[in-house]
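Student: Input file: my_file_5.txt. Contents: compact mmCIF, C-alpha atoms.
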# COMPACT_ATOMS: atom_id res chain seq x y z
CA MET A 1 3.10 -1.67 50.63
CA PHE A 2 3.28 0.33 53.85
CA GLU A 3 6.75 0.44 55.43
CA PRO A 4 6.85 1.06 59.21
CA GLU A 5 9.03 3.94 60.36
CA GLU A 6 12.39 2.90 61.75
CA ASN A 7 12.07 5.12 64.83
CA SER A 8 8.51 4.14 65.74
CA LEU A 9 7.95 3.22 69.39
CA ILE A 10 4.54 1.61 68.85
CA ASP A 11 4.08 -1.73 70.68
CA ASN A 12 7.32 -1.32 72.65
CA ILE A 13 7.02 -2.07 76.36
CA TYR A 14 8.95 0.00 78.93
CA ILE A 15 9.34 0.50 82.64
CA ALA A 16 8.12 4.06 83.11
CA ARG A 17 8.57 6.41 86.05
CA VAL A 18 5.64 8.69 86.89
CA GLU A 19 6.92 12.28 86.65
CA LYS A 20 3.73 14.33 87.02
CA ILE A 21 0.01 13.76 87.52
CA VAL A 22 -2.38 16.41 86.16
CA TYR A 23 -5.86 15.74 87.51
CA ASN A 24 -7.66 18.49 85.55
CA ILE A 25 -6.82 16.71 82.26
CA ASN A 26 -7.08 13.25 83.87
CA ALA A 27 -3.53 12.29 82.84
CA ALA A 28 -0.11 11.34 84.06
CA PHE A 29 3.18 12.06 82.35
CA VAL A 30 5.71 9.26 82.58
CA LYS A 31 9.36 9.00 81.58
CA ILE A 32 10.58 5.98 79.59
CA SER A 33 14.05 5.23 78.21
CA ASN A 34 16.14 8.01 76.66
CA ASN A 35 14.32 10.48 78.99
CA GLN A 36 11.29 10.44 76.66
CA ILE A 37 8.18 11.85 78.35
CA CYS A 38 4.90 10.09 77.45
CA TYR A 39 1.20 10.76 78.06
CA LEU A 40 -0.79 8.24 80.10
CA ALA A 41 -4.54 8.69 80.53
CA LEU A 42 -5.48 7.97 84.16
CA SER A 43 -8.46 5.99 82.87
CA ASP A 44 -5.89 3.60 81.33
CA ALA A 45 -4.04 3.25 84.65
CA LYS A 46 -6.69 1.59 86.82
CA LYS A 47 -4.64 -1.56 87.56
CA PRO A 48 -1.04 -0.91 86.50
CA ILE A 49 1.73 -3.47 86.95
CA TYR A 50 4.17 -1.88 89.40
CA THR A 51 7.89 -2.57 89.33
CA GLN A 52 8.41 -0.13 92.21
CA LYS A 53 5.71 1.53 94.36
CA LYS A 54 6.70 4.72 96.22
CA SER A 55 3.51 5.17 98.25
CA LYS A 56 1.15 2.93 100.19
CA LYS A 57 -1.82 4.59 98.45
CA ASN A 58 -3.72 2.45 95.94
CA GLU A 59 -3.67 5.19 93.31
CA LEU A 60 -0.83 6.11 90.98
CA CYS A 61 1.70 8.48 92.59
CA VAL A 62 4.71 10.49 91.42
CA GLY A 63 7.81 8.31 91.60
CA ASP A 64 6.02 5.00 90.99
CA GLU A 65 7.52 2.74 88.32
CA ILE A 66 5.04 0.86 86.13
CA LEU A 67 5.01 -1.21 82.95
CA VAL A 68 3.61 0.64 79.93
CA GLN A 69 3.18 -0.04 76.22
CA VAL A 70 3.35 2.67 73.54
CA ILE A 71 0.11 2.83 71.55
CA LYS A 72 0.68 6.07 69.61
CA ASP A 73 3.87 7.77 68.40
CA ALA A 74 4.70 11.40 69.05
CA ILE A 75 3.11 13.85 66.62
CA LYS A 76 4.57 17.37 66.30
CA THR A 77 4.32 18.84 69.84
CA LYS A 78 2.38 15.91 71.38
CA GLU A 79 4.16 13.23 73.37
CA PRO A 80 3.81 9.51 72.62
CA VAL A 81 0.76 7.90 74.23
CA VAL A 82 1.15 4.87 76.50
CA THR A 83 -1.20 2.45 78.22
CA THR A 84 -0.91 0.03 81.14
CA LYS A 85 -3.08 -2.50 79.29
CA LEU A 86 -0.33 -4.74 77.91
Could you spell out this file's structure in structure tokens?
Tutor:
Amino acid sequence: MFEPEENSLIDNIYIARVEKIVYNINAAFVKISNNQICYLALSDAKKPIYTQKKSKKNELCVGDEILVQVIKDAIKTKEPVVTTKL
């Protein structure tokens, strides 16, 4: 029987702060608890749930705080992947 890893973040929900938006790879990098940086595809962030909005723009901006759910754990040099589709 498959045993889940103890340190897996999959399915956990966090308030994440947008740290950087990289338009050429269509992604944002967000920080969750324990200063963990995660990858968020901008296509997954069409209608995020904001806990704090820094800008009056409709699009995601650096400094915004949103709710995210981890859908993929970190693998080697890749960050965990999150989505706004809870």
Student: Neighbouring residues of range 33-47 of chain A were defined as those with any atom within 10 Å, considering all atoms listed in the file; residues of the same chain fewer than 4 positions away were excluded. Please report them as a PyMOL selection string.
Tutor: chain A and resi 14-23+25-29+58-60+66+68-70+72-74+78-85
Student: Between A:Ile71, A:Lys76, A:Cys61, A:Asp11, which is the closest to Val30 in chain A once you count only C-alpha atoms?
Tutor: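 The closest residue to Val30 in chain A is A:Cys61.
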Student: Please report the interatomic distance between CA of Ile32 in chain A and CA of Ile13 in chain A in Å with one decimal.
Tutor: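 Computing the Euclidean distance for CA of Ile32 in chain A and CA of Ile13 in chain A yields 9.4 Å.
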